[in-house]
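Raw contents of input_13.txt, compact mmCIF, C-alpha atoms:
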# COMPACT_ATOMS: atom_id res chain seq x y z
CA GLN A 1 201.86 89.76 206.80
CA LYS A 2 200.20 86.52 207.88
CA PRO A 3 201.78 84.45 210.65
CA VAL A 4 203.62 81.43 209.30
CA LYS A 5 201.70 78.18 209.70
CA ARG A 6 203.94 75.98 211.81
CA GLN A 7 204.61 72.30 211.62
CA LYS A 8 203.35 70.24 214.58
CA ASN A 9 205.28 67.32 215.95
CA ALA A 10 204.00 63.96 217.18
CA ASN A 11 202.98 65.24 220.60
CA GLY A 12 200.77 67.91 219.02
CA TYR A 13 203.00 70.88 219.88
CA SER A 14 204.14 73.41 217.28
CA PHE A 15 207.82 73.58 216.43
CA PRO A 16 209.26 77.09 216.46
CA GLU A 17 210.83 78.69 213.45
CA ARG A 18 214.65 78.72 213.57
CA LEU A 19 215.80 82.04 215.07
CA PRO A 20 218.96 83.64 213.64
CA GLU A 21 222.27 83.70 215.47
CA GLY A 22 222.78 87.15 217.00
CA GLU A 23 219.05 87.67 217.72
CA VAL A 24 218.68 89.62 220.98
CA LEU A 25 216.05 88.57 223.53
CA ARG A 26 215.01 90.71 226.49
CA ASP A 27 213.73 88.88 229.56
CA SER A 28 211.05 90.08 232.01
CA ALA A 29 213.76 91.71 234.20
CA LYS A 30 214.90 93.70 231.09
CA LYS A 31 218.16 91.76 230.85
CA GLU A 32 219.32 91.11 227.28
CA TRP A 33 220.58 87.80 225.92
CA VAL A 34 222.11 87.19 222.51
CA LEU A 35 221.57 83.86 220.76
CA GLY A 36 224.53 81.75 219.66
CA PRO A 37 224.36 78.55 217.56
CA PRO A 38 221.48 76.11 218.22
CA ILE A 39 222.49 73.22 220.50
CA GLY A 40 219.48 70.94 220.41
CA LYS A 41 215.80 70.31 219.99
CA GLY A 42 213.50 69.38 222.87
CA GLY A 43 210.15 67.67 222.48
CA PHE A 44 208.48 71.08 222.46
CA GLY A 45 210.93 73.61 221.07
CA GLU A 46 214.46 74.66 220.14
CA ILE A 47 217.45 75.06 222.45
CA TYR A 48 220.13 77.68 221.67
CA SER A 49 223.45 78.61 223.21
CA ALA A 50 223.50 82.21 224.44
CA SER A 51 225.52 84.95 226.05
CA GLU A 52 224.71 88.08 228.03
CA ASN A 53 224.37 90.89 225.50
CA LYS A 54 226.41 93.44 227.48
CA GLN A 55 229.61 91.42 227.40
CA ILE A 56 229.43 88.74 224.74
CA ASP A 57 231.20 85.57 225.83
CA PRO A 58 232.34 83.55 222.77
CA THR A 59 231.81 80.28 224.71
CA PHE A 60 228.05 81.11 224.98
CA PRO A 61 227.78 79.74 228.56
CA TYR A 62 223.97 79.85 228.77
CA ALA A 63 221.20 77.79 227.19
CA VAL A 64 217.94 79.34 225.97
CA LYS A 65 214.87 77.17 225.50
CA ILE A 66 212.34 78.65 223.08
CA GLU A 67 208.86 77.47 222.14
CA PRO A 68 205.81 78.96 220.41
CA HIS A 69 203.74 80.86 222.96
CA GLU A 70 200.72 78.57 222.59
CA ASN A 71 202.72 75.50 223.71
CA GLY A 72 202.41 74.62 227.38
CA PRO A 73 205.48 72.73 228.64
CA LEU A 74 207.92 75.64 228.83
CA PHE A 75 205.36 77.71 230.75
CA MET A 76 205.15 74.88 233.31
CA GLU A 77 208.93 74.53 233.41
CA LYS A 78 209.54 78.26 233.83
CA ASN A 79 207.13 78.37 236.76
CA PHE A 80 208.87 75.37 238.30
CA TYR A 81 212.22 77.21 238.21
CA ILE A 82 210.79 80.46 239.58
CA LYS A 83 208.83 78.83 242.41
CA ILE A 84 210.86 75.72 243.19
CA ALA A 85 214.39 75.87 241.81
CA ASN A 86 215.47 79.49 242.14
CA ARG A 87 219.12 80.02 243.02
CA ILE A 88 218.51 81.10 246.64
CA ASP A 89 216.49 77.96 247.46
CA VAL A 90 218.99 75.65 245.76
CA GLU A 91 221.94 77.26 247.59
CA SER A 92 220.30 77.03 251.02
CA TRP A 93 219.34 73.38 250.42
CA LYS A 94 222.94 72.57 249.39
CA GLN A 95 224.24 74.19 252.58
CA SER A 96 221.75 72.31 254.75
CA LYS A 97 222.84 68.98 253.19
CA LYS A 98 226.55 69.95 253.05
CA THR A 99 226.50 69.24 249.28
CA LYS A 100 228.88 71.16 246.98
CA VAL A 101 227.00 70.54 243.73
CA LEU A 102 223.31 69.75 243.26
CA GLY A 103 222.20 68.43 239.88
CA ILE A 104 219.46 71.03 239.37
CA PRO A 105 220.02 73.57 236.55
CA THR A 106 220.61 77.23 237.43
CA TYR A 107 217.79 79.48 236.22
CA TYR A 108 218.68 83.00 234.99
CA GLY A 109 215.50 84.46 233.53
CA SER A 110 212.58 84.16 231.12
CA GLY A 111 210.28 86.23 228.96
CA THR A 112 208.49 86.51 225.64
CA HIS A 113 209.91 87.41 222.24
CA ASN A 114 208.34 88.36 218.90
CA TYR A 115 209.97 87.20 215.70
CA ASN A 116 208.49 87.21 212.20
CA ASN A 117 204.97 87.97 213.50
CA GLN A 118 205.13 85.06 215.92
CA LYS A 119 205.14 85.21 219.71
CA TYR A 120 207.57 82.94 221.56
CA ARG A 121 208.20 82.05 225.18
CA PHE A 122 211.82 81.61 226.30
CA MET A 123 213.80 80.66 229.37
CA VAL A 124 217.52 81.03 230.17
CA ILE A 125 219.43 78.43 232.21
CA GLU A 126 223.06 77.46 232.59
CA ARG A 127 224.46 75.56 229.61
CA TYR A 128 225.48 71.94 230.14
CA GLY A 129 227.48 69.39 228.19
CA LYS A 130 226.83 65.91 226.79
CA ASP A 131 223.75 63.92 227.71
CA LEU A 132 224.04 60.42 229.20
CA TRP A 133 221.87 58.83 226.50
CA SER A 134 224.22 59.74 223.63
CA MET A 135 227.19 58.65 225.77
CA PHE A 136 225.43 55.33 226.50
CA LEU A 137 224.86 54.74 222.76
CA ASN A 138 228.47 55.66 221.95
CA ASN A 139 229.64 53.22 224.62
CA GLN A 140 228.02 50.13 223.03
CA ARG A 141 224.93 50.59 225.27
CA LYS A 142 226.70 49.94 228.54
CA PHE A 143 228.18 51.93 231.43
CA PRO A 144 230.60 50.51 234.02
CA PRO A 145 228.85 49.73 237.33
CA ALA A 146 230.85 52.38 239.24
CA THR A 147 229.67 55.07 236.77
CA VAL A 148 226.06 53.95 237.16
CA TYR A 149 226.23 54.04 240.98
CA LYS A 150 227.83 57.51 241.02
CA CYS A 151 225.08 58.80 238.72
CA ALA A 152 222.47 57.18 241.00
CA LEU A 153 223.84 59.02 244.06
CA GLN A 154 223.71 62.39 242.30
CA ILE A 155 220.24 61.84 240.80
CA ILE A 156 218.86 60.75 244.21
CA ASP A 157 220.08 64.08 245.66
CA ALA A 158 218.33 65.99 242.85
CA LEU A 159 215.11 64.00 243.46
CA ASN A 160 215.39 64.62 247.21
CA TYR A 161 215.49 68.38 246.53
CA ILE A 162 212.52 68.26 244.11
CA HIS A 163 210.44 66.06 246.45
CA ASP A 164 211.25 68.33 249.41
CA LYS A 165 209.48 71.05 247.42
CA ASP A 166 206.36 68.81 247.03
CA TYR A 167 207.05 68.09 243.35
CA ILE A 168 208.09 65.11 241.24
CA HIS A 169 210.16 65.21 238.03
CA GLY A 170 208.33 62.44 236.16
CA ASP A 171 210.72 62.08 233.19
CA ILE A 172 214.15 60.91 234.39
CA LYS A 173 216.12 59.50 231.43
CA GLY A 174 219.55 59.69 229.84
CA ALA A 175 218.49 62.43 227.39
CA ASN A 176 217.50 64.62 230.39
CA LEU A 177 220.74 64.01 232.31
CA LEU A 178 223.57 66.30 231.24
CA LEU A 179 227.17 66.62 232.39
CA GLY A 180 228.41 69.95 233.70
CA ILE A 181 230.86 71.97 231.61
CA LYS A 182 231.78 74.58 234.23
CA SER A 183 235.10 73.94 235.92
CA GLY A 184 234.60 71.55 238.84
CA THR A 185 231.27 70.19 237.57
CA GLU A 186 232.51 68.04 234.65
CA ASN A 187 231.78 64.84 236.62
CA ASN A 188 228.40 66.03 237.83
CA VAL A 189 225.08 65.03 236.33
CA PHE A 190 222.33 67.65 236.02
CA LEU A 191 218.67 66.63 235.74
CA VAL A 192 217.00 68.92 233.18
CA ASP A 193 213.57 69.34 231.56
CA PHE A 194 210.90 70.04 234.14
CA GLY A 195 208.09 70.19 231.57
CA LEU A 196 206.24 67.33 233.32
CA ALA A 197 207.13 68.31 236.90
CA CYS A 198 204.04 68.56 239.08
CA LYS A 199 202.91 68.22 242.67
CA TYR A 200 202.84 64.64 243.89
CA THR A 201 199.71 62.90 245.15
CA THR A 202 199.09 62.90 248.89
CA LYS A 203 195.36 62.15 248.82
CA GLU A 204 193.77 58.89 247.66
CA PHE A 205 195.36 57.00 244.78
CA LYS A 206 193.04 57.77 241.87
CA ARG A 207 193.79 56.81 238.26
CA ASP A 208 193.69 59.83 235.92
CA PRO A 209 192.97 58.69 232.32
CA LYS A 210 193.96 62.13 230.94
CA GLN A 211 197.48 61.76 232.38
CA ALA A 212 197.81 57.98 231.84
CA HIS A 213 201.16 56.74 230.45
CA ASN A 214 202.79 60.08 231.19
CA GLY A 215 206.54 60.54 230.75
CA THR A 216 208.74 58.38 228.49
CA ILE A 217 207.20 54.94 228.02
CA GLU A 218 210.43 52.89 228.36
CA TYR A 219 211.06 54.25 231.86
CA THR A 220 207.80 55.59 233.23
CA SER A 221 206.58 54.13 236.53
CA CYS A 222 203.52 51.98 237.21
CA ASP A 223 201.94 54.95 239.04
CA TRP A 224 202.65 57.34 236.14
CA HIS A 225 201.21 54.76 233.70
CA GLN A 226 197.99 55.35 235.64
CA GLY A 227 198.44 59.12 235.56
CA VAL A 228 199.28 59.38 239.28
CA PRO A 229 202.39 61.43 240.22
CA THR A 230 204.26 59.86 243.18
CA ARG A 231 207.69 60.12 244.74
CA ARG A 232 208.16 56.35 244.63
CA GLY A 233 207.37 56.62 240.91
CA ASP A 234 210.44 58.84 240.37
CA PHE A 235 212.56 56.16 242.05
CA GLU A 236 211.06 53.41 239.90
CA ILE A 237 211.82 55.49 236.78
CA LEU A 238 215.39 55.99 238.00
CA GLY A 239 215.70 52.23 238.61
CA TYR A 240 214.75 51.35 235.02
CA ASN A 241 217.43 53.77 233.76
CA LEU A 242 220.07 52.25 236.04
CA LEU A 243 219.13 48.74 234.89
CA GLN A 244 219.35 49.72 231.24
CA TRP A 245 222.77 51.34 231.77
CA LEU A 246 224.03 48.18 233.48
CA CYS A 247 222.38 45.53 231.27
CA SER A 248 221.96 47.32 227.88
CA THR A 249 218.24 46.77 227.31
CA LEU A 250 214.87 46.56 229.08
CA PRO A 251 212.47 43.63 228.45
CA TRP A 252 209.67 45.85 227.10
CA GLU A 253 211.68 47.91 224.61
CA LYS A 254 210.11 46.06 221.64
CA ASP A 255 206.61 46.82 222.98
CA ILE A 256 206.95 50.61 223.19
CA LYS A 257 204.02 51.22 220.79
CA ASN A 258 201.72 49.22 223.08
CA LYS A 259 201.62 51.26 226.28
CA GLU A 260 199.33 48.86 228.15
CA LYS A 261 201.62 45.92 227.37
CA VAL A 262 204.62 47.85 228.73
CA TYR A 263 202.60 48.70 231.84
CA ASP A 264 201.61 45.02 232.32
CA LYS A 265 205.27 43.93 232.16
CA LYS A 266 206.27 46.57 234.70
CA LYS A 267 203.41 45.55 237.01
CA GLU A 268 204.74 41.98 236.86
CA PHE A 269 208.25 43.29 237.62
CA MET A 270 207.20 45.40 240.62
CA ALA A 271 204.95 42.65 242.04
CA ASN A 272 208.01 40.44 242.50
CA PRO A 273 211.28 42.19 241.57
CA LYS A 274 213.52 39.27 242.56
CA ASP A 275 211.75 36.66 240.38
CA TYR A 276 211.45 39.04 237.44
CA MET A 277 215.11 40.00 237.62
CA ASP A 278 216.25 36.37 237.98
CA LYS A 279 214.39 35.64 234.75
CA HIS A 280 215.18 38.77 232.69
CA PHE A 281 218.36 40.17 234.28
CA PRO A 282 220.28 37.13 235.57
CA ASN A 283 223.57 39.07 235.54
CA ALA A 284 222.30 42.26 237.18
CA PRO A 285 224.25 43.30 240.28
CA LYS A 286 222.64 42.37 243.62
CA VAL A 287 222.28 46.03 244.56
CA MET A 288 219.59 46.39 241.86
CA TYR A 289 217.54 43.61 243.50
CA GLU A 290 217.81 45.48 246.79
CA PHE A 291 216.88 48.81 245.23
CA PHE A 292 213.78 47.49 243.42
CA ASP A 293 212.77 45.36 246.41
CA TYR A 294 212.81 48.51 248.54
CA ILE A 295 210.84 50.61 245.99
CA SER A 296 208.22 47.86 245.58
CA LYS A 297 207.45 48.14 249.33
CA VAL A 298 207.13 51.94 249.50
CA LYS A 299 203.48 53.06 249.77
CA TYR A 300 202.25 55.51 247.09
CA ASN A 301 202.07 58.47 249.50
CA ASP A 302 205.25 57.63 251.44
CA CYS A 303 208.43 59.66 251.30
CA PRO A 304 211.24 57.42 250.01
CA ASN A 305 214.23 56.90 252.29
CA TYR A 306 216.88 58.80 250.30
CA LYS A 307 219.67 57.92 252.73
CA TYR A 308 218.91 54.19 252.59
CA CYS A 309 218.95 54.24 248.76
CA LYS A 310 222.17 56.25 248.64
CA ASP A 311 223.79 53.90 251.17
CA LEU A 312 223.02 50.92 248.88
CA PHE A 313 225.07 52.46 246.06
CA THR A 314 227.78 53.93 248.31
CA LYS A 315 228.35 50.45 249.77
CA GLU A 316 228.74 49.04 246.23
CA LEU A 317 231.24 51.73 245.27
CA LYS A 318 233.30 50.92 248.38
CA ARG A 319 233.14 47.21 247.52
CA LEU A 320 234.43 48.05 244.02
CA LYS A 321 237.12 50.26 245.64
CA ALA A 322 235.85 53.16 243.51
CA PRO A 323 235.73 56.75 244.81
CA VAL A 324 232.22 57.90 245.69
CA SER A 325 232.60 61.25 243.91
CA GLY A 326 233.97 62.07 240.47

Do you think you could lay out the structure here as structure tokens?
Amino acid sequence: QKPVKRQKNANGYSFPERLPEGEVLRDSAKKEWVLGPPIGKGGFGEIYSASENKQIDPTFPYAVKIEPHENGPLFMEKNFYIKIANRIDVESWKQSKKTKVLGIPTYYGSGTHNYNNQKYRFMVIERYGKDLWSMFLNNQRKFPPATVYKCALQIIDALNYIHDKDYIHGDIKGANLLLGIKSGTENNVFLVDFGLACKYTTKEFKRDPKQAHNGTIEYTSCDWHQGVPTRRGDFEILGYNLLQWLCSTLPWEKDIKNKEKVYDKKKEFMANPKDYMDKHFPNAPKVMYEFFDYISKVKYNDCPNYKYCKDLFTKELKRLKAPVSG
């Protein structure tokens, strides 16, 4: 029987065939997982709910990402979890920072699976709830300022952890920010999808045409537009998300097909955040001026001041008389 010829999507990666509910996958540690209903589609593959096979939980509390073996992103992501975000490292970091919840997904295992003469790669993580992007759209494209600042605090912690491990995320956006569904984590945001995570630049700043305009064009940073992974770039990406959540749209959304034009507008923004925001975001809260002003002054190989950035948003929450957590 010949392998099925698979459809490729816009980014050139093959889409996997739909796997049936009840299919059993065995990971590299020989642990078995049973697939539940599909819960989404990533840029590179399918995402299914799952349960441990020994004692099937009808809530299917795990998520399994599956992609054709020849695709690359899940291989990169799996390695990120094994090397950088394994449970022991995440727990010890949380203890050192006295943080109860860190918005990094819990990794449970990975392996390969054959189905219908095709070889697949899969990875098992904790299952999460709604993503912020769909909530933003359902909320008339706006979040209350207090919600935005609480998200900012949690995402900065996740970035701090990733950067401490010498990596950047590179694709922070509402679709990659999911709410917890486990008891006690329903108001916590988890940063998912580490398919673009890579080591940040510490040497000279050198444009890489092969990686140019990496990430998601609406939000990607000026450095990532040039193919250079930096920690300040993650903060710039975060800033564009926060601005969109507060003000509904970004000035370059109509130019998405022209990557260079988007990059030019962002360069103008970061060259003088205050002037650009006065012109395009006259009603943006002052804290966003302060945040972008700070990011615009961070050197490409500098470590951002996580505490300073968190303090900006904590101060705003206190001014709004809103609780910092929850």

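Interatomic distance, CA of Lys267 (chain A) against CA of Tyr219 (chain A): 12.7 Å.
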
Give as number ranges by chain each residue that has an atom at most 7 Å from (215.4, 64.4, 234.5) in the file, counting only C-alpha atoms. A: 169, 171-173, 176-177, 191-193

7 Å contact set for region 208-217 of chain A, all atoms listed in the file, chain neighbours under 3 positions out, as a PyMOL selection string: chain A and resi 170-171+220+224-228+256+259

For Lys165 (chain A), the nearest of the candidates A:Asp311, A:Asp89, A:Glu236, A:Asp223, counting only C-alpha atoms: A:Asp89

Exercise: Met277 (chain A) partners within 12 Å, only C-alpha atoms, chain neighbours under 3 positions left out, as number ranges by chain: A: 240, 243, 247, 250-251, 265-266, 268-274, 280-293

Keeping only C-alpha atoms, take the residues you just selected and write them out as a compact mmCIF listing (two decimals), in the coordinates of the input.
# COMPACT_ATOMS: atom_id res chain seq x y z
CA TYR A 240 214.75 51.35 235.02
CA LEU A 243 219.13 48.74 234.89
CA CYS A 247 222.38 45.53 231.27
CA LEU A 250 214.87 46.56 229.08
CA PRO A 251 212.47 43.63 228.45
CA LYS A 265 205.27 43.93 232.16
CA LYS A 266 206.27 46.57 234.70
CA GLU A 268 204.74 41.98 236.86
CA PHE A 269 208.25 43.29 237.62
CA MET A 270 207.20 45.40 240.62
CA ALA A 271 204.95 42.65 242.04
CA ASN A 272 208.01 40.44 242.50
CA PRO A 273 211.28 42.19 241.57
CA LYS A 274 213.52 39.27 242.56
CA HIS A 280 215.18 38.77 232.69
CA PHE A 281 218.36 40.17 234.28
CA PRO A 282 220.28 37.13 235.57
CA ASN A 283 223.57 39.07 235.54
CA ALA A 284 222.30 42.26 237.18
CA PRO A 285 224.25 43.30 240.28
CA LYS A 286 222.64 42.37 243.62
CA VAL A 287 222.28 46.03 244.56
CA MET A 288 219.59 46.39 241.86
CA TYR A 289 217.54 43.61 243.50
CA GLU A 290 217.81 45.48 246.79
CA PHE A 291 216.88 48.81 245.23
CA PHE A 292 213.78 47.49 243.42
CA ASP A 293 212.77 45.36 246.41

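Of note, CA of Ile104 (chain A) and CA of Ala85 (chain A) are spaced 7.4 Å apart.
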
Which protein, DNA or RNA residues are at most 12 Å from (233.0, 80.5, 217.1) in the file's coordinates when you count all atoms listed in the file, listed as a list in words?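 It turns out the residues near that spot are Glu21, Gly36, Pro37, Ser49, Ile56, Asp57, Pro58, Thr59 and Phe60 of chain A.
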
Quick one: of A:Lys30, A:Thr201, A:Asn114, A:Lys182, who's nearest to His69 (chain A), counting only C-alpha atoms? A:Asn114

Select, from A:Ile82, A:Val24, A:Leu196, A:Cys309, the residue with the minimum atom-to-atom distance to Ser110 (chain A), counting all atoms listed in the file. A:Ile82

From A:Lys97, A:Gly129, A:Arg26, A:Asn301, residue lying nearest Lys206 (chain A) [all atoms listed in the file]: A:Asn301

Restricting the calculation to only C-alpha atoms, which member of A:Asn241, A:Asn79, A:Thr106, A:Thr230 is positioned closest to Phe190 (chain A)?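 Ranked by minimum distance to Phe190 (chain A), first place goes to A:Thr106.
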
Which residue is closest to Gly109 (chain A)? Choose from A:Glu23, A:Glu316, A:Glu77, A:Asp131 and count all atoms listed in the file.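 Among A:Glu23, A:Glu316, A:Glu77, A:Asp131, it is A:Glu77 that comes nearest to Gly109 (chain A).
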
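CA of Tyr167 (chain A) to CA of Glu67 (chain A) spans 23.3 Å [interatomic distance, one decimal].
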
Give me the box for region 93-98 of chain A as JSON, namely the centre and edge lengths in Å to one decimal of a box along x, y and z that holds every listed atom plus 5 Å on each side.
{"center_x": 222.9, "center_y": 71.6, "center_z": 252.1, "size_x": 17.2, "size_y": 15.2, "size_z": 15.4}
